[in-house]
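The next block holds one structure in the form of structure tokens; read it before the comments.
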Amino acid sequence: MFATFQYFMAGNSARFFFILSGEHPTLPLAELKAILHAYAIEHKIVGSFYKLIEMEADRAKLESIASRGAYVDEMGEEILHTEDNLESIKREVEFANLEPFLSSEDSFNIRMLRFGGVSKELSRVHLEGYLGKLLAEKTGAKVDLRSPKKPFRGILAGSLFHLGLIMHQRPKGSIHRRRPRKRAVFHPSTMPPKIARCLVNLSEAKDGETFLDPFCGVGGIAIEASLLGCNVVGVDALSRMVRSARRNLAHFGLESYGLVRGDARNIPLRRVDAIATDPPYGTGASTLKSTTKDILASFLPQAKMILSPGGKVVFASPLGTDAMGLAESQGFKVHDRHELYVHRSLTREILVLGAN
Ligand SMILES: C[S@@+](CC[C@H](N)C(=O)[O-])C[C@H]1O[C@@H](n2cnc3c(N)ncnc32)[C@H](O)[C@@H]1O
């Protein structure tokens, strides 16, 4: 027998759910944790199942960071969770204090998600109708399937049913409009927006801080850091790359005065708060006759000198570069490591390093 729980808003702390993207096994949760750490948001992860993460934390703080994550599809406040059968669901909804969430003045809808092929005997469509009727009867609110004032989320995950009120959803098309082919200048070496944003978040860059991409290319990472409110410095050895990056940032209405031609092995800066980058691999991007490993070996000591205390360096490199050995031999602590399959001949290794 499972316990059933309901959550009442006590002060500002309550229980929330995040629905993360399922497109990578480790990056989405690592990104969310990095954002929470960067903003020093106290939280407790109290449950997780596949793409669902449940967390106790302060509402206003979570709301303020929800839109930063590349892999945060949705976030909301959990009202209750219970066993995944109609009897328990009906009992808990009837018992729940819905006043803080829904009133007779509101319109609402409920959309169901099912994770992991579980609870097969409960049909999503049937549950949406069933819950809609229950909530409408209990509160006097009206169902509006198209543009409800209050969008509710039901989730079947493991052997539990969760009901919550959605607070944030990634706006439709927001990633698509920033993909490489939609920018002013395309280059095959550029990073797509989701992974670029994830790297920036893994570096724990906060709005208002100085962020560096020392191999900025046509600006894939710089765009995301700039959209997150960072003061972006981008360096590239080739003037045409810098010009293209400037055009790409301007295309999205972003400042580009921090983009300069330079050598990542001799960075013209004294201090930066965070670094995230994708150095050249000797494929589409110019390595200027060096190997990726040699470039990293010259860049990492520079990064160490200019990084603020506690700052992070995040970089991607092709698997087999021995980036980890290199980083450790230069006195970096490896905080995290991920692998990202790109295509048959490229799997990226992503490292999150601290200088101390
Ligand atoms: C993989 S691309 C970066 C792509 C970029 N992250 C984007 O999303 O558009 C690597 C870049 O490093 C630049 N580069 C190569 N050697 C460099 C060096 N020593 N210093 C600075 N930039 C360098 C290349 O010109 C190339 O534009």
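In the structure tokens, the first chain shown is A, the next is B, and so on; residue numbers restart at 1 for each chain, and ligands run from 1 in the order shown.
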
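For Phe315 (chain A), the residues within 10 Å (counting only C-alpha atoms, excluding itself and residues fewer than 4 positions away along the chain) are Leu199, Val200, Leu202, Ser203, Asp213, Ile275, Ala276, Thr277, Asp278, Pro279, Leu296, Ala323, Arg348, Glu349, Ile350, Leu351, Val352 and Leu353 of chain A.
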
Enumerate the residues of region 37-184 of chain A with a DSSP assignment of strand (DSSP E), computed from the backbone, and present them as a PyMOL selection string.
chain A and resi 43-49+52-58+72-83+107-115+142-143+150-157+160-169

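In this model, the gap between CA of Met305 (chain A) and CA of Glu204 (chain A) comes to 18.1 Å.
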
For a quick check of understanding, using only C-alpha atoms, which of A:Glu328, A:Glu78, A:Asp73, A:Asp106 has the smallest distance to Ala297 (chain A)?
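The shortest atom-to-atom distance to Ala297 (chain A) comes from A:Glu328.
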
Please report as a Markdown table every residue of chain A lying within 6 Å of ligand 1, along with the nearest atom pair and their distance in Å (one decimal), using only C-alpha atoms and all ligand atoms.
| residue | atom | partner | partner_atom_place_in_ligand_line | distance |
| --- | --- | --- | --- | --- |
| A:Ser189 | CA | ligand 1 | 1 (C) | 4.9 |
| A:Thr190 | CA | ligand 1 | 9 (O) | 3.5 |
| A:Met191 | CA | ligand 1 | 8 (O) | 3.8 |
| A:Pro214 | CA | ligand 1 | 21 (C) | 5.8 |
| A:Phe215 | CA | ligand 1 | 12 (O) | 4.0 |
| A:Cys216 | CA | ligand 1 | 5 (C) | 4.6 |
| A:Gly217 | CA | ligand 1 | 27 (O) | 3.3 |
| A:Val218 | CA | ligand 1 | 9 (O) | 3.9 |
| A:Gly219 | CA | ligand 1 | 9 (O) | 4.2 |
| A:Gly220 | CA | ligand 1 | 8 (O) | 3.3 |
| A:Ile221 | CA | ligand 1 | 8 (O) | 5.1 |
| A:Val235 | CA | ligand 1 | 21 (C) | 5.8 |
| A:Asp236 | CA | ligand 1 | 22 (N) | 3.7 |
| A:Ala237 | CA | ligand 1 | 22 (N) | 4.0 |
| A:Leu238 | CA | ligand 1 | 25 (O) | 5.1 |
| A:Met241 | CA | ligand 1 | 27 (O) | 5.7 |
| A:Gly262 | CA | ligand 1 | 21 (C) | 5.8 |
| A:Asp263 | CA | ligand 1 | 20 (N) | 3.6 |
| A:Ala264 | CA | ligand 1 | 20 (N) | 3.8 |
| A:Arg265 | CA | ligand 1 | 19 (N) | 5.7 |
| A:Thr277 | CA | ligand 1 | 6 (N) | 5.9 |
| A:Asp278 | CA | ligand 1 | 6 (N) | 4.8 |
| A:Pro279 | CA | ligand 1 | 10 (C) | 4.6 |
| A:Pro280 | CA | ligand 1 | 10 (C) | 3.9 |
| A:Ala285 | CA | ligand 1 | 26 (C) | 4.9 |
| A:Ser286 | CA | ligand 1 | 24 (C) | 4.8 |
| A:Thr287 | CA | ligand 1 | 15 (C) | 4.5 |
| A:Leu288 | CA | ligand 1 | 16 (N) | 5.5 |

Do you have the CA of Phe252 (chain A)-CA of Glu74 (chain A) distance handy?
23.9 Å

With only C-alpha atoms as the basis for distance, which of A:Glu23, A:Asp58, A:Glu83, A:Glu77 is at the shortest distance from Ala40 (chain A)?
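Using only C-alpha atoms, Ala40 (chain A) sits closest to A:Asp58.
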
Near Pro301 (chain A), counting only C-alpha atoms, which residues have an atom at most 12 Å away, once you skip same-chain residues fewer than 6 positions from it, shown as a ChimeraX atom specification?
/A:264-267,294-295,307,313,326-332,355

Atoms kept (all heavy atoms) for selection, written as a short mmCIF file (atom, residue, chain, number, x, y, z; two decimals), in the first residue's frame:
data_model
loop_
_atom_site.label_atom_id
_atom_site.label_comp_id
_atom_site.auth_asym_id
_atom_site.auth_seq_id
_atom_site.Cartn_x
_atom_site.Cartn_y
_atom_site.Cartn_z
N ALA A 264 43.19 31.90 -28.07
CA ALA A 264 42.76 31.33 -26.79
C ALA A 264 43.96 30.93 -25.93
O ALA A 264 43.83 30.69 -24.74
CB ALA A 264 41.87 30.12 -27.04
N ARG A 265 45.14 30.84 -26.57
CA ARG A 265 46.33 30.46 -25.79
C ARG A 265 46.98 31.68 -25.13
O ARG A 265 47.97 31.56 -24.42
CB ARG A 265 47.32 29.74 -26.71
CG ARG A 265 46.75 28.41 -27.22
CD ARG A 265 47.51 27.85 -28.36
NE ARG A 265 47.43 28.69 -29.54
CZ ARG A 265 47.87 28.35 -30.74
NH1 ARG A 265 48.42 27.18 -30.92
NH2 ARG A 265 47.76 29.18 -31.76
N ASN A 266 46.40 32.85 -25.42
CA ASN A 266 46.92 34.09 -24.83
C ASN A 266 45.75 35.07 -24.70
O ASN A 266 45.63 36.01 -25.45
CB ASN A 266 48.01 34.64 -25.75
CG ASN A 266 48.71 35.82 -25.14
OD1 ASN A 266 48.58 36.06 -23.93
ND2 ASN A 266 49.42 36.58 -25.94
N ILE A 267 44.89 34.78 -23.73
CA ILE A 267 43.62 35.48 -23.65
C ILE A 267 43.80 36.89 -23.07
O ILE A 267 44.41 37.06 -22.01
CB ILE A 267 42.61 34.68 -22.78
CG1 ILE A 267 42.38 33.31 -23.43
CG2 ILE A 267 41.29 35.40 -22.65
CD1 ILE A 267 41.70 32.32 -22.54
N ASP A 294 46.76 19.68 -28.22
CA ASP A 294 47.76 20.74 -28.03
C ASP A 294 47.07 22.07 -27.72
O ASP A 294 47.53 22.85 -26.87
CB ASP A 294 48.60 20.92 -29.30
CG ASP A 294 49.62 19.78 -29.44
OD1 ASP A 294 49.80 19.05 -28.44
OD2 ASP A 294 50.19 19.62 -30.53
N ILE A 295 45.97 22.32 -28.43
CA ILE A 295 45.25 23.59 -28.20
C ILE A 295 44.73 23.63 -26.76
O ILE A 295 44.90 24.62 -26.05
CB ILE A 295 44.08 23.74 -29.20
CG1 ILE A 295 44.66 23.99 -30.59
CG2 ILE A 295 43.13 24.85 -28.80
CD1 ILE A 295 43.64 24.22 -31.66
N LEU A 307 40.21 32.60 -14.28
CA LEU A 307 38.92 32.20 -13.72
C LEU A 307 38.75 32.71 -12.28
O LEU A 307 39.65 32.56 -11.46
CB LEU A 307 38.84 30.67 -13.74
CG LEU A 307 37.47 30.03 -13.71
CD1 LEU A 307 36.61 30.47 -14.89
CD2 LEU A 307 37.62 28.51 -13.71
N VAL A 313 35.08 25.74 -15.70
CA VAL A 313 35.37 25.67 -17.14
C VAL A 313 34.65 24.44 -17.68
O VAL A 313 34.82 23.34 -17.14
CB VAL A 313 36.87 25.43 -17.42
CG1 VAL A 313 37.14 25.51 -18.92
CG2 VAL A 313 37.74 26.41 -16.68
N LEU A 326 44.40 15.32 -19.28
CA LEU A 326 45.04 16.61 -19.50
C LEU A 326 44.61 17.62 -18.42
O LEU A 326 45.45 18.30 -17.82
CB LEU A 326 44.60 17.12 -20.88
CG LEU A 326 45.35 18.27 -21.49
CD1 LEU A 326 46.80 17.88 -21.70
CD2 LEU A 326 44.71 18.64 -22.83
N ALA A 327 43.30 17.67 -18.16
CA ALA A 327 42.77 18.62 -17.18
C ALA A 327 43.35 18.32 -15.80
O ALA A 327 43.79 19.23 -15.09
CB ALA A 327 41.25 18.53 -17.16
N GLU A 328 43.36 17.03 -15.44
CA GLU A 328 43.87 16.66 -14.10
C GLU A 328 45.37 16.95 -13.98
O GLU A 328 45.82 17.43 -12.95
CB GLU A 328 43.56 15.18 -13.82
CG GLU A 328 42.10 15.00 -13.42
CD GLU A 328 41.67 13.54 -13.31
OE1 GLU A 328 42.37 12.67 -13.87
OE2 GLU A 328 40.63 13.30 -12.69
N SER A 329 46.10 16.70 -15.07
CA SER A 329 47.54 16.95 -15.01
C SER A 329 47.83 18.45 -14.85
O SER A 329 48.91 18.84 -14.44
CB SER A 329 48.24 16.40 -16.25
OG SER A 329 47.93 17.21 -17.36
N GLN A 330 46.85 19.28 -15.19
CA GLN A 330 47.05 20.72 -15.05
C GLN A 330 46.44 21.25 -13.75
O GLN A 330 46.27 22.45 -13.57
CB GLN A 330 46.42 21.43 -16.23
CG GLN A 330 46.99 20.92 -17.54
CD GLN A 330 47.25 22.01 -18.53
OE1 GLN A 330 47.05 23.18 -18.24
NE2 GLN A 330 47.69 21.66 -19.70
N GLY A 331 46.05 20.34 -12.87
CA GLY A 331 45.58 20.75 -11.55
C GLY A 331 44.11 21.09 -11.47
O GLY A 331 43.63 21.61 -10.46
N PHE A 332 43.33 20.78 -12.51
CA PHE A 332 41.89 21.01 -12.44
C PHE A 332 41.22 19.83 -11.74
O PHE A 332 41.68 18.69 -11.84
CB PHE A 332 41.29 21.11 -13.85
CG PHE A 332 41.47 22.45 -14.49
CD1 PHE A 332 42.52 22.67 -15.37
CD2 PHE A 332 40.60 23.50 -14.22
CE1 PHE A 332 42.70 23.91 -15.97
CE2 PHE A 332 40.76 24.73 -14.81
CZ PHE A 332 41.81 24.94 -15.69
N ALA A 355 38.80 25.05 -10.92
CA ALA A 355 40.25 25.33 -10.85
C ALA A 355 40.82 24.97 -9.49
O ALA A 355 42.04 24.96 -9.33
CB ALA A 355 40.50 26.81 -11.17
#

Shell of 12 Å around Gly47 (chain A), only C-alpha atoms, local chain residues under 6 positions omitted, as an MDAnalysis selection string:
chainID A and resid 15:18 53:56 78 81 157:158 160 162

Selection near Arg146 (chain A), 12 Å with only C-alpha atoms, sequence-local residues under 3 positions removed, as a PyMOL selection string
chain A and resi 107-111+142-143+149-151

Compare A:Val93, A:Lys33, A:Val260, A:Met167 by their minimum atom-to-atom distance to Ser64 (chain A), counting only C-alpha atoms, and give me the closest one.
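The shortest atom-to-atom distance to Ser64 (chain A) comes from A:Met167.
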
Could you pull the residues within 9 Å of Gly154 (chain A), counting only C-alpha atoms, minus those fewer than 3 positions along the same chain, as number ranges by chain?
A: 110-114, 124, 127-128, 131, 161-165

Selection to disk with C-alpha atoms, as a short mmCIF file (atom, residue, chain, number, x, y, z; two decimals), in the first residue's frame:
data_model
loop_
_atom_site.label_atom_id
_atom_site.label_comp_id
_atom_site.auth_asym_id
_atom_site.auth_seq_id
_atom_site.Cartn_x
_atom_site.Cartn_y
_atom_site.Cartn_z
CA ILE A 110 -5.68 18.86 -17.70
CA ARG A 111 -3.19 17.12 -19.93
CA MET A 112 -1.78 13.74 -18.99
CA LEU A 113 1.71 12.35 -19.52
CA ARG A 114 2.74 8.77 -18.99
CA ARG A 124 -4.67 9.10 -20.68
CA LEU A 127 -8.20 10.29 -17.18
CA GLU A 128 -8.16 13.79 -18.69
CA LEU A 131 -10.22 14.60 -13.77
CA PHE A 161 -0.28 9.40 -10.32
CA HIS A 162 0.79 13.04 -9.84
CA LEU A 163 -1.37 16.13 -10.23
CA GLY A 164 0.13 19.59 -10.52
CA LEU A 165 -0.39 23.10 -11.82
#
